[in-house]
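Asker: So here's run.cif (mmCIF, C-alpha atoms).
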```
data_input
#
loop_
_atom_site.label_atom_id
_atom_site.label_comp_id
_atom_site.auth_asym_id
_atom_site.auth_seq_id
_atom_site.Cartn_x
_atom_site.Cartn_y
_atom_site.Cartn_z
CA MET A 1 -48.04 -20.90 28.61
CA ARG A 2 -45.58 -20.09 25.91
CA ASP A 3 -46.48 -16.41 26.11
CA ALA A 4 -46.16 -16.48 29.88
CA ARG A 5 -42.63 -17.86 29.62
CA ARG A 6 -41.42 -15.08 27.35
CA PRO A 7 -41.16 -12.38 30.04
CA ALA A 8 -39.22 -14.79 32.24
CA GLY A 9 -36.81 -15.46 29.38
CA GLY A 10 -36.49 -11.72 28.73
CA VAL A 11 -35.74 -11.08 32.39
CA ALA A 12 -33.12 -13.80 32.37
CA ARG A 13 -31.47 -12.29 29.31
CA MET A 14 -31.47 -8.84 30.91
CA ARG A 15 -29.91 -10.26 34.06
CA ALA A 16 -27.23 -11.94 31.98
CA ILE A 17 -26.51 -8.66 30.18
CA HIS A 18 -26.26 -6.75 33.47
CA GLN A 19 -23.96 -9.42 34.90
CA SER A 20 -21.69 -9.22 31.85
CA MET A 21 -21.65 -5.41 32.09
CA GLY A 22 -20.82 -5.65 35.77
CA THR A 23 -17.98 -7.98 34.89
CA MET A 24 -16.69 -5.49 32.31
CA GLU A 25 -16.89 -2.58 34.82
CA LYS A 26 -14.77 -4.26 37.47
CA ARG A 27 -11.95 -2.07 38.70
CA VAL A 28 -8.35 -3.09 38.32
CA VAL A 29 -6.86 -4.29 41.60
CA PHE A 30 -3.09 -4.11 42.07
CA LYS A 31 -1.55 -7.03 43.91
CA SER A 32 1.11 -4.82 45.49
CA GLY A 33 0.19 -1.75 47.54
CA TRP A 34 3.20 0.34 46.46
CA LEU A 35 2.73 0.07 42.67
CA PRO A 36 -0.20 2.56 42.36
CA TRP A 37 1.73 5.13 44.39
CA ALA A 38 4.83 4.55 42.29
CA LEU A 39 2.84 5.21 39.12
CA LEU A 40 1.30 8.36 40.62
CA LEU A 41 4.54 9.66 42.11
CA PRO A 42 5.89 11.49 38.99
CA GLN A 43 2.64 13.40 38.48
CA LEU A 44 2.29 14.15 42.19
CA ALA A 45 5.86 15.42 42.26
CA ILE A 46 5.25 17.75 39.30
CA VAL A 47 2.04 19.13 40.83
CA GLY A 48 3.69 19.56 44.22
CA VAL A 49 6.81 21.30 42.91
CA PHE A 50 5.19 23.54 40.31
CA PHE A 51 1.84 24.32 42.00
CA TYR A 52 1.56 23.63 45.72
CA TRP A 53 5.05 24.72 46.70
CA PRO A 54 4.81 28.13 44.91
CA ALA A 55 1.29 28.59 46.32
CA VAL A 56 2.53 27.98 49.87
CA GLN A 57 5.46 30.33 49.27
CA ALA A 58 3.09 33.05 48.05
CA LEU A 59 0.87 32.63 51.12
CA PHE A 60 3.92 32.81 53.36
CA GLN A 61 5.38 35.92 51.71
CA SER A 62 2.02 37.72 51.60
CA VAL A 63 1.97 38.17 55.38
CA PHE A 64 5.54 39.48 55.61
CA LEU A 65 7.27 42.72 54.70
CA GLN A 66 10.71 42.00 53.27
CA ASP A 67 13.42 43.72 51.33
CA ALA A 68 14.22 43.07 47.70
CA PHE A 69 16.82 40.41 48.55
CA GLY A 70 14.64 38.56 51.09
CA GLY A 71 17.08 39.14 53.91
CA ASN A 72 14.93 40.94 56.47
CA LEU A 73 11.45 39.65 57.26
CA GLU A 74 8.86 41.50 59.29
CA PHE A 75 5.50 39.91 60.05
CA VAL A 76 2.69 42.32 59.14
CA GLY A 77 -0.31 39.97 59.03
CA LEU A 78 -3.01 41.14 56.61
CA GLU A 79 -1.53 44.60 56.16
CA ASN A 80 -0.37 43.83 52.61
CA PHE A 81 -3.93 42.86 51.64
CA ALA A 82 -5.41 45.96 53.29
CA THR A 83 -2.94 48.14 51.40
CA LEU A 84 -3.93 46.53 48.11
CA PHE A 85 -7.60 47.38 48.35
CA LYS A 86 -6.76 50.97 49.25
CA ASP A 87 -4.46 51.36 46.24
CA PRO A 88 -6.27 53.07 43.32
CA LEU A 89 -3.82 51.52 40.85
CA TYR A 90 -4.68 48.02 42.04
CA LEU A 91 -8.42 48.74 41.92
CA ASN A 92 -7.93 50.04 38.38
CA SER A 93 -6.10 46.83 37.52
CA MET A 94 -9.06 44.78 38.77
CA ARG A 95 -11.44 46.83 36.64
CA VAL A 96 -9.22 46.46 33.56
CA THR A 97 -8.98 42.70 34.12
CA ALA A 98 -12.76 42.35 34.45
CA VAL A 99 -13.40 44.21 31.18
CA PHE A 100 -10.61 42.45 29.32
CA SER A 101 -11.50 38.94 30.48
CA LEU A 102 -15.21 39.33 29.77
CA ILE A 103 -14.80 40.74 26.25
CA ALA A 104 -11.95 38.40 25.26
CA THR A 105 -13.80 35.29 26.48
CA VAL A 106 -17.16 36.11 24.90
CA VAL A 107 -15.73 37.33 21.58
CA GLY A 108 -13.23 34.46 21.40
CA LEU A 109 -15.83 31.76 22.00
CA SER A 110 -18.38 33.33 19.65
CA PHE A 111 -15.92 33.80 16.80
CA SER A 112 -14.49 30.28 17.25
CA LEU A 113 -17.97 28.75 17.18
CA LEU A 114 -18.79 30.69 14.01
CA LEU A 115 -15.63 29.45 12.29
CA ALA A 116 -16.25 25.87 13.40
CA TYR A 117 -19.84 26.00 12.17
CA PHE A 118 -18.86 27.10 8.66
CA ALA A 119 -15.84 24.76 8.57
CA ASP A 120 -18.12 21.85 9.40
CA ARG A 121 -20.46 22.80 6.55
CA ALA A 122 -17.66 23.40 4.04
CA VAL A 123 -17.60 21.00 1.12
CA ARG A 124 -14.48 22.02 -0.77
CA ALA A 125 -11.00 22.38 0.72
CA ARG A 126 -12.30 21.25 4.11
CA LEU A 127 -8.99 19.76 5.25
CA LEU A 128 -7.01 22.83 4.11
CA LEU A 129 -9.42 25.18 5.87
CA ARG A 130 -9.18 23.27 9.15
CA THR A 131 -5.40 23.16 8.97
CA LEU A 132 -5.12 26.91 8.41
CA LEU A 133 -7.43 27.64 11.34
CA ILE A 134 -5.43 25.39 13.70
CA TRP A 135 -2.03 26.94 12.89
CA PRO A 136 -2.24 29.99 15.23
CA TYR A 137 -2.31 27.68 18.26
CA ALA A 138 1.32 26.74 17.54
CA VAL A 139 2.43 30.38 17.97
CA ALA A 140 3.78 31.33 21.41
CA TRP A 141 1.88 33.96 23.39
CA ALA A 142 4.78 36.41 23.35
CA ILE A 143 5.19 36.01 19.58
CA ALA A 144 1.47 36.64 19.10
CA GLY A 145 1.79 39.90 21.04
CA VAL A 146 4.81 40.98 18.96
CA LEU A 147 3.04 40.13 15.67
CA TRP A 148 -0.02 42.21 16.50
CA MET A 149 2.15 45.01 17.84
CA PHE A 150 3.92 45.24 14.46
CA LEU A 151 0.65 44.99 12.54
CA PHE A 152 -0.72 47.98 14.46
CA ASN A 153 2.50 49.93 14.72
CA PRO A 154 1.48 53.64 14.68
CA THR A 155 3.91 54.52 11.85
CA LEU A 156 4.78 51.32 9.95
CA GLY A 157 1.94 48.90 10.67
CA ILE A 158 -0.04 47.46 7.76
CA ALA A 159 -3.29 47.49 9.72
CA THR A 160 -2.60 51.09 10.76
CA HIS A 161 -2.16 52.04 7.09
CA TRP A 162 -5.48 50.43 6.20
CA LEU A 163 -7.27 52.15 9.07
CA ARG A 164 -5.78 55.48 8.00
CA GLY A 165 -7.44 54.95 4.62
CA PHE A 166 -10.83 54.87 6.40
CA GLY A 167 -10.01 58.03 8.32
CA ILE A 168 -9.16 56.26 11.60
CA THR A 169 -6.04 57.39 13.43
CA TRP A 170 -4.49 54.49 15.32
CA ASN A 171 -1.91 54.94 18.06
CA HIS A 172 -2.19 52.40 20.87
CA VAL A 173 0.93 53.86 22.48
CA LEU A 174 -1.07 56.95 23.48
CA ASP A 175 -4.68 55.76 23.40
CA GLY A 176 -5.67 53.39 26.23
CA ASP A 177 -8.85 52.17 24.53
CA GLN A 178 -6.93 51.25 21.39
CA ALA A 179 -4.32 49.45 23.48
CA MET A 180 -7.10 47.41 25.10
CA ILE A 181 -8.51 46.56 21.67
CA LEU A 182 -5.05 45.44 20.58
CA ILE A 183 -4.53 42.95 23.41
CA ILE A 184 -8.11 41.67 23.03
CA LEU A 185 -7.51 41.02 19.33
CA SER A 186 -4.22 39.29 20.11
CA THR A 187 -5.81 37.11 22.76
CA VAL A 188 -8.78 36.14 20.61
CA TRP A 189 -6.54 35.33 17.63
CA LYS A 190 -4.22 33.22 19.77
CA GLN A 191 -7.00 31.27 21.48
CA VAL A 192 -9.34 30.85 18.51
CA SER A 193 -7.58 27.69 17.27
CA TYR A 194 -7.94 25.88 20.59
CA ASN A 195 -11.64 26.71 20.78
CA PHE A 196 -12.12 25.88 17.11
CA ILE A 197 -10.77 22.33 17.55
CA PHE A 198 -13.21 21.51 20.34
CA PHE A 199 -16.20 23.19 18.73
CA LEU A 200 -15.55 21.38 15.45
CA ALA A 201 -15.28 18.04 17.25
CA GLY A 202 -18.53 18.79 19.05
CA LEU A 203 -20.31 19.69 15.82
CA GLN A 204 -19.11 16.52 14.13
CA SER A 205 -20.41 14.41 17.02
CA ILE A 206 -23.99 15.67 16.54
CA PRO A 207 -26.02 13.04 14.67
CA LYS A 208 -26.83 14.19 11.17
CA SER A 209 -30.21 12.50 11.42
CA VAL A 210 -31.29 15.03 14.06
CA ILE A 211 -30.40 17.97 11.81
CA GLU A 212 -32.07 16.32 8.83
CA ALA A 213 -35.22 15.76 10.88
CA ALA A 214 -35.28 19.44 11.80
CA ALA A 215 -34.90 20.39 8.13
CA ILE A 216 -37.79 18.08 7.19
CA ASP A 217 -39.94 19.77 9.85
CA GLY A 218 -39.25 23.11 8.18
CA ALA A 219 -36.71 24.57 10.63
CA GLY A 220 -34.35 27.10 9.11
CA ALA A 221 -30.61 27.34 9.67
CA TRP A 222 -30.87 29.77 12.61
CA ARG A 223 -33.73 27.85 14.28
CA THR A 224 -31.80 24.58 13.90
CA PHE A 225 -28.69 26.10 15.39
CA ARG A 226 -30.53 27.74 18.29
CA SER A 227 -32.82 24.85 19.20
CA ILE A 228 -30.71 21.78 18.34
CA ILE A 229 -27.04 22.42 17.62
CA PHE A 230 -26.21 24.89 20.39
CA PRO A 231 -27.96 22.91 23.18
CA LEU A 232 -26.12 19.76 22.10
CA LEU A 233 -22.87 21.77 22.18
CA SER A 234 -23.47 23.03 25.72
CA PRO A 235 -21.01 20.58 27.38
CA THR A 236 -18.26 21.67 24.99
CA THR A 237 -19.16 25.34 25.44
CA PHE A 238 -19.10 25.04 29.23
CA PHE A 239 -15.70 23.33 29.16
CA LEU A 240 -14.22 25.98 26.87
CA PHE A 241 -15.77 28.76 28.96
CA VAL A 242 -13.98 27.52 32.09
CA ILE A 243 -10.68 27.01 30.24
CA ASN A 244 -10.81 30.40 28.53
CA VAL A 245 -11.43 32.25 31.78
CA VAL A 246 -8.33 30.63 33.30
CA TYR A 247 -6.28 31.38 30.16
CA VAL A 248 -7.35 35.02 30.06
CA PHE A 249 -6.40 35.56 33.69
CA PHE A 250 -2.97 33.91 33.50
CA ASP A 251 -1.59 33.14 30.03
CA THR A 252 -2.15 36.62 28.59
CA PHE A 253 0.78 38.02 30.57
CA ALA A 254 3.13 37.49 27.63
CA ILE A 255 0.83 39.33 25.21
CA VAL A 256 0.52 42.36 27.49
CA ASP A 257 4.26 42.41 28.19
CA ALA A 258 5.16 42.18 24.50
CA ALA A 259 2.49 44.49 23.05
CA THR A 260 1.72 47.26 25.54
CA VAL A 261 3.81 46.71 28.73
CA GLY A 262 0.67 47.50 30.70
CA GLY A 263 0.30 50.97 29.22
CA PRO A 264 -0.52 53.56 28.32
CA ALA A 265 -1.18 54.97 31.80
CA ASN A 266 -1.96 51.47 33.17
CA ALA A 267 -4.83 51.07 30.69
CA THR A 268 -3.86 47.43 29.97
CA GLU A 269 -2.28 46.51 33.29
CA ILE A 270 -4.20 43.34 34.08
CA LEU A 271 -3.80 41.60 37.43
CA VAL A 272 -1.25 39.01 36.35
CA TYR A 273 0.95 41.69 34.81
CA LYS A 274 0.70 43.89 37.92
CA VAL A 275 1.91 40.95 40.04
CA TYR A 276 5.02 40.78 37.85
CA HIS A 277 5.52 44.56 37.75
CA ASP A 278 5.27 45.10 41.49
CA GLY A 279 7.32 42.05 42.37
CA PHE A 280 10.15 42.15 39.83
CA LYS A 281 10.30 45.83 38.86
CA ALA A 282 9.06 47.68 41.93
CA LEU A 283 10.62 44.97 44.20
CA ASP A 284 7.59 44.91 46.52
CA ILE A 285 7.81 41.21 47.37
CA GLY A 286 5.11 41.16 50.06
CA GLY A 287 2.62 43.20 48.05
CA SER A 288 3.24 41.14 44.92
CA ALA A 289 2.71 37.90 46.87
CA ALA A 290 -0.54 39.27 48.29
CA GLN A 291 -1.68 40.14 44.76
CA SER A 292 -0.92 36.60 43.57
CA VAL A 293 -2.97 35.17 46.44
CA VAL A 294 -5.90 37.44 45.57
CA LEU A 295 -5.61 36.50 41.90
CA MET A 296 -5.59 32.81 42.75
CA ALA A 297 -8.62 33.27 45.02
CA VAL A 298 -10.52 35.16 42.29
CA VAL A 299 -9.91 32.42 39.70
CA ILE A 300 -10.90 29.67 42.16
CA LEU A 301 -14.08 31.59 43.05
CA LEU A 302 -15.00 32.13 39.40
CA THR A 303 -14.42 28.45 38.63
CA PHE A 304 -16.59 27.44 41.60
CA LEU A 305 -19.40 29.77 40.50
CA GLN A 306 -19.22 28.39 36.96
CA PHE A 307 -19.60 24.81 38.16
CA ARG A 308 -22.21 25.81 40.73
CA TYR A 309 -24.53 27.87 38.54
CA VAL A 310 -23.56 27.74 34.85
CA GLU A 311 -23.26 23.95 34.71
CA LYS A 312 -26.94 23.63 35.65
CA LYS A 313 -27.84 24.88 32.17
CA VAL A 314 -25.64 22.30 30.43
CA GLN A 315 -27.56 19.54 28.66
CA TYR A 316 -25.55 16.33 28.79
#
```
Rewrite the structure from the file as structure tokens, please.
Answerer:
Amino acid sequence: MRDARRPAGGVARMRAIHQSMGTMEKRVVFKSGWLPWALLLPQLAIVGVFFYWPAVQALFQSVFLQDAFGGNLEFVGLENFATLFKDPLYLNSMRVTAVFSLIATVVGLSFSLLLAYFADRAVRARLLLRTLLIWPYAVAWAIAGVLWMFLFNPTLGIATHWLRGFGITWNHVLDGDQAMILIILSTVWKQVSYNFIFFLAGLQSIPKSVIEAAAIDGAGAWRTFRSIIFPLLSPTTFFLFVINVVYVFFDTFAIVDAATVGGPANATEILVYKVYHDGFKALDIGGSAAQSVVLMAVVILLTFLQFRYVEKKVQY
């Protein structure tokens, strides 16, 4: 009889635990209906003013043909979009953006993960090493572009002098491939600190007992990383992958403007820079607005595809 009563007591204890957890998970209920909206109003105002309003303005301007001062408006429907996809310069800009974003994202994430892995294993000067690797994130994007432009200056750059010692002639002002390498290096260097912080936090959250068990079973460093560490880092990797794609498409404008100005011969004219060039320099307001709408649609589509297909491989 005593043994028969034990399951009943266990069930009662489990019910009590679930009831206490349910009590802890109760949602906060505001007594007044206006208070939640008042707390949300500042954030909603910021999102509305700095995101939705410009997006609506871009959609509105993309279907009109207007002069540089916005005085005369002529409704043209989808003509601006049709003109874009017939423009070889715009198609070249899409190709340049695809190459740039793919290489910068993959190289940036891989290099950041490598740095985080060795920083996590470092025994001496660990705090100093982490601090030095985080510093580049405090540098503005435009400053990062200027720094790398001076480093690879064709006549006075230190990196150019070193490359000349290996028999490599560097001149990104005339060579489009070298200009692309320059903005990729600038982007990776600028973004490596952000990725490093998250990768390091993810590595430190992995239980050491799991890694020790793999070592006892005879797994080497590469096998442990491939079979244990990297799968456990998949949520962090997926998050950084989505964030880096958005950053590469939008925040790299300052680097391109400071380092190469889209040249030479449009070799580094990515989509976000072409929106600025056509709108503010060429004064094609309607075409620039149509480009911004296409750019926004591309980023939204890529984000959707990442959550739809890539997230399936994430192991939470």
Asker: Can you work out which one of A:Trp189, A:Trp222, A:Phe249, A:Trp34 has the shortest atom-to-atom distance to Val107 in chain A, counting only C-alpha atoms?
Answerer: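 Smallest distance to Val107 in chain A is found for A:Trp189.
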Asker: May I have a table of the residues of range 156-197 of chain A lying at most 12 Å from range 224-239 of chain A, giving each one's closest pair of atoms and their distance in Å to one decimal, counting all atoms listed in the file, ordered by chain and ascending residue number, as CSV?
Answerer:
```
residue,atom,partner,partner_atom,distance
A:Tyr194,CA,A:Phe239,CA,11.8
A:Asn195,CA,A:Thr237,CA,9.0
A:Phe196,CA,A:Thr236,CA,10.8
A:Ile197,CA,A:Thr236,CA,10.6
```
Asker: Work out how far CA of Ala144 in chain A is from CA of Gln191 in chain A, in Å to one decimal.
Answerer: 10.3 Å
Asker: Taking all atoms of range 289-302 of chain A that appear in the file, build a box with edges along x, y and z, extend it by 4 Å on every side, and state its centre and edge lengths in Å to one decimal, as JSON.
Answerer:
```
{"center_x": -6.1, "center_y": 34.9, "center_z": 43.8, "size_x": 25.7, "size_y": 18.5, "size_z": 16.9}
```
Asker: Could you give me, as CSV, every range 184-251 of chain A residue with an atom at most 12 Å from range 147-157 of chain A, plus its closest atom pair and distance in Å to one decimal, counting all atoms listed in the file, rows ordered by chain then number?
Answerer:
```
residue,atom,partner,partner_atom,distance
A:Ile184,CA,A:Trp148,CA,10.4
A:Leu185,CA,A:Trp148,CA,8.1
A:Ser186,CA,A:Trp148,CA,6.3
A:Thr187,CA,A:Trp148,CA,9.9
A:Val188,CA,A:Trp148,CA,11.4
A:Trp189,CA,A:Trp148,CA,9.5
A:Lys190,CA,A:Trp148,CA,10.4
```
Asker: Smallest atom-to-atom distance to Thr131 in chain A: which of A:Asn80, A:Gln178, A:Thr169, A:Ser193, using all atoms listed in the file?
Answerer: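 So, comparing all the options, the nearest one is A:Ser193.
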Asker: Counting only C-alpha atoms, figure out which residue out of A:Pro54, A:Pro36, A:Gly279, A:Pro264 gets nearest to Phe69 in chain A.
Answerer: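 The shortest atom-to-atom distance to Phe69 in chain A comes from A:Gly279.
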Asker: Could you pull out every residue with an atom within 10 Å of (-11.2, 42.0, 39.5), file coordinates, counting only C-alpha atoms, and send them as a ChimeraX atom specification?
Answerer: /A:90-99,101,249,270-271,294-295,298-299
Asker: Would you list the contacts of Glu79 in chain A as a PyMOL selection string, taking every protein, DNA or RNA residue within 12 Å and counting only C-alpha atoms, but skipping same-chain residues closer than 6 positions in sequence?
Answerer: chain A and resi 61-65+85-86+286-287+290
Asker: Filtering to C-alpha atoms, could you give me those residues as a compact mmCIF listing (two decimals), keeping the file's coordinate frame?
Answerer:
```
# COMPACT_ATOMS: atom_id res chain seq x y z
CA GLN A 61 5.38 35.92 51.71
CA SER A 62 2.02 37.72 51.60
CA VAL A 63 1.97 38.17 55.38
CA PHE A 64 5.54 39.48 55.61
CA LEU A 65 7.27 42.72 54.70
CA PHE A 85 -7.60 47.38 48.35
CA LYS A 86 -6.76 50.97 49.25
CA GLY A 286 5.11 41.16 50.06
CA GLY A 287 2.62 43.20 48.05
CA ALA A 290 -0.54 39.27 48.29
```
Asker: For a test of reading the model, state the distance in Å between CA of Arg130 in chain A and CA of Glu311 in chain A, rounded to one decimal.
Answerer: 29.2 Å
Asker: The PyMOL selection byres ((chain A and resi 119) around 12) - which residues does that actually catch in the file I just gave you? List them as a PyMOL selection string.
Answerer: chain A and resi 112-118+120-134+196-197+199-201+203-204
Asker: Mind writing the picked residues with C-alpha atoms as a PDB file, in the frame of the given file?
Answerer:
```
ATOM      1  CA  SER A 112     -14.490  30.280  17.250  1.00  0.00           C
ATOM      2  CA  LEU A 113     -17.970  28.750  17.180  1.00  0.00           C
ATOM      3  CA  LEU A 114     -18.790  30.690  14.010  1.00  0.00           C
ATOM      4  CA  LEU A 115     -15.630  29.450  12.290  1.00  0.00           C
ATOM      5  CA  ALA A 116     -16.250  25.870  13.400  1.00  0.00           C
ATOM      6  CA  TYR A 117     -19.840  26.000  12.170  1.00  0.00           C
ATOM      7  CA  PHE A 118     -18.860  27.100   8.660  1.00  0.00           C
ATOM      8  CA  ASP A 120     -18.120  21.850   9.400  1.00  0.00           C
ATOM      9  CA  ARG A 121     -20.460  22.800   6.550  1.00  0.00           C
ATOM     10  CA  ALA A 122     -17.660  23.400   4.040  1.00  0.00           C
ATOM     11  CA  VAL A 123     -17.600  21.000   1.120  1.00  0.00           C
ATOM     12  CA  ARG A 124     -14.480  22.020  -0.770  1.00  0.00           C
ATOM     13  CA  ALA A 125     -11.000  22.380   0.720  1.00  0.00           C
ATOM     14  CA  ARG A 126     -12.300  21.250   4.110  1.00  0.00           C
ATOM     15  CA  LEU A 127      -8.990  19.760   5.250  1.00  0.00           C
ATOM     16  CA  LEU A 128      -7.010  22.830   4.110  1.00  0.00           C
ATOM     17  CA  LEU A 129      -9.420  25.180   5.870  1.00  0.00           C
ATOM     18  CA  ARG A 130      -9.180  23.270   9.150  1.00  0.00           C
ATOM     19  CA  THR A 131      -5.400  23.160   8.970  1.00  0.00           C
ATOM     20  CA  LEU A 132      -5.120  26.910   8.410  1.00  0.00           C
ATOM     21  CA  LEU A 133      -7.430  27.640  11.340  1.00  0.00           C
ATOM     22  CA  ILE A 134      -5.430  25.390  13.700  1.00  0.00           C
ATOM     23  CA  PHE A 196     -12.120  25.880  17.110  1.00  0.00           C
ATOM     24  CA  ILE A 197     -10.770  22.330  17.550  1.00  0.00           C
ATOM     25  CA  PHE A 199     -16.200  23.190  18.730  1.00  0.00           C
ATOM     26  CA  LEU A 200     -15.550  21.380  15.450  1.00  0.00           C
ATOM     27  CA  ALA A 201     -15.280  18.040  17.250  1.00  0.00           C
ATOM     28  CA  LEU A 203     -20.310  19.690  15.820  1.00  0.00           C
ATOM     29  CA  GLN A 204     -19.110  16.520  14.130  1.00  0.00           C
TER      30      GLN A 204
END
```
Asker: Mind giving me the straight-line distance from CA of Gly202 in chain A to CA of Lys313 in chain A in Å, one decimal?
Answerer: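 Separation of CA of Gly202 in chain A and CA of Lys313 in chain A: 17.2 Å.
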Asker: Using all atoms listed in the file, pick whichever of A:Val47, A:Val29, A:Ala267, A:Val245 has the shortest atom-to-atom distance to Leu109 in chain A.
Answerer: A:Val245
Asker: Between A:Thr268, A:Asp284, A:Phe51, A:Thr83, which residue has the minimum interatomic distance to Gly176 in chain A, considering all atoms listed in the file?
Answerer: A:Thr268
Asker: Taking the file above as input, evaluate the PyMOL selection byres ((chain A and resi 272) around 9) and report the hits as a ChimeraX atom specification.
Answerer: /A:97,249-253,269-271,273-277,291-292,295
Asker: Taking N, CA and C atoms as the atom set, what does range 41-53 of chain A look like once completed, written as a PDB file, keeping the file's coordinate frame?
Answerer:
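Result file follows (out.pdb):
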```pdb
ATOM      1  N   LEU A  41       3.510   8.811  41.534  1.00  0.00           N
ATOM      2  CA  LEU A  41       4.540   9.660  42.110  1.00  0.00           C
ATOM      3  C   LEU A  41       5.076  10.725  41.151  1.00  0.00           C
ATOM      4  N   PRO A  42       5.383  10.417  39.880  1.00  0.00           N
ATOM      5  CA  PRO A  42       5.890  11.490  38.990  1.00  0.00           C
ATOM      6  C   PRO A  42       4.912  12.651  38.831  1.00  0.00           C
ATOM      7  N   GLN A  43       3.628  12.340  38.636  1.00  0.00           N
ATOM      8  CA  GLN A  43       2.640  13.400  38.480  1.00  0.00           C
ATOM      9  C   GLN A  43       2.457  14.180  39.772  1.00  0.00           C
ATOM     10  N   LEU A  44       2.425  13.464  40.900  1.00  0.00           N
ATOM     11  CA  LEU A  44       2.290  14.150  42.190  1.00  0.00           C
ATOM     12  C   LEU A  44       3.485  15.051  42.462  1.00  0.00           C
ATOM     13  N   ALA A  45       4.670  14.606  42.059  1.00  0.00           N
ATOM     14  CA  ALA A  45       5.860  15.420  42.260  1.00  0.00           C
ATOM     15  C   ALA A  45       5.805  16.695  41.423  1.00  0.00           C
ATOM     16  N   ILE A  46       5.351  16.577  40.171  1.00  0.00           N
ATOM     17  CA  ILE A  46       5.250  17.750  39.300  1.00  0.00           C
ATOM     18  C   ILE A  46       4.233  18.744  39.853  1.00  0.00           C
ATOM     19  N   VAL A  47       3.068  18.242  40.276  1.00  0.00           N
ATOM     20  CA  VAL A  47       2.040  19.130  40.830  1.00  0.00           C
ATOM     21  C   VAL A  47       2.534  19.786  42.116  1.00  0.00           C
ATOM     22  N   GLY A  48       3.209  19.008  42.953  1.00  0.00           N
ATOM     23  CA  GLY A  48       3.690  19.560  44.220  1.00  0.00           C
ATOM     24  C   GLY A  48       4.757  20.619  44.032  1.00  0.00           C
ATOM     25  N   VAL A  49       5.695  20.376  43.107  1.00  0.00           N
ATOM     26  CA  VAL A  49       6.810  21.300  42.910  1.00  0.00           C
ATOM     27  C   VAL A  49       6.375  22.565  42.182  1.00  0.00           C
ATOM     28  N   PHE A  50       5.527  22.405  41.161  1.00  0.00           N
ATOM     29  CA  PHE A  50       5.190  23.540  40.310  1.00  0.00           C
ATOM     30  C   PHE A  50       3.862  24.209  40.659  1.00  0.00           C
ATOM     31  N   PHE A  51       3.091  23.675  41.606  1.00  0.00           N
ATOM     32  CA  PHE A  51       1.840  24.320  42.000  1.00  0.00           C
ATOM     33  C   PHE A  51       1.764  24.558  43.504  1.00  0.00           C
ATOM     34  N   TYR A  52       1.788  23.478  44.279  1.00  0.00           N
ATOM     35  CA  TYR A  52       1.560  23.630  45.720  1.00  0.00           C
ATOM     36  C   TYR A  52       2.708  24.357  46.416  1.00  0.00           C
ATOM     37  N   TRP A  53       3.930  24.047  46.053  1.00  0.00           N
ATOM     38  CA  TRP A  53       5.050  24.720  46.700  1.00  0.00           C
ATOM     39  C   TRP A  53       5.059  26.224  46.415  1.00  0.00           C
TER      40      TRP A  53
END
```
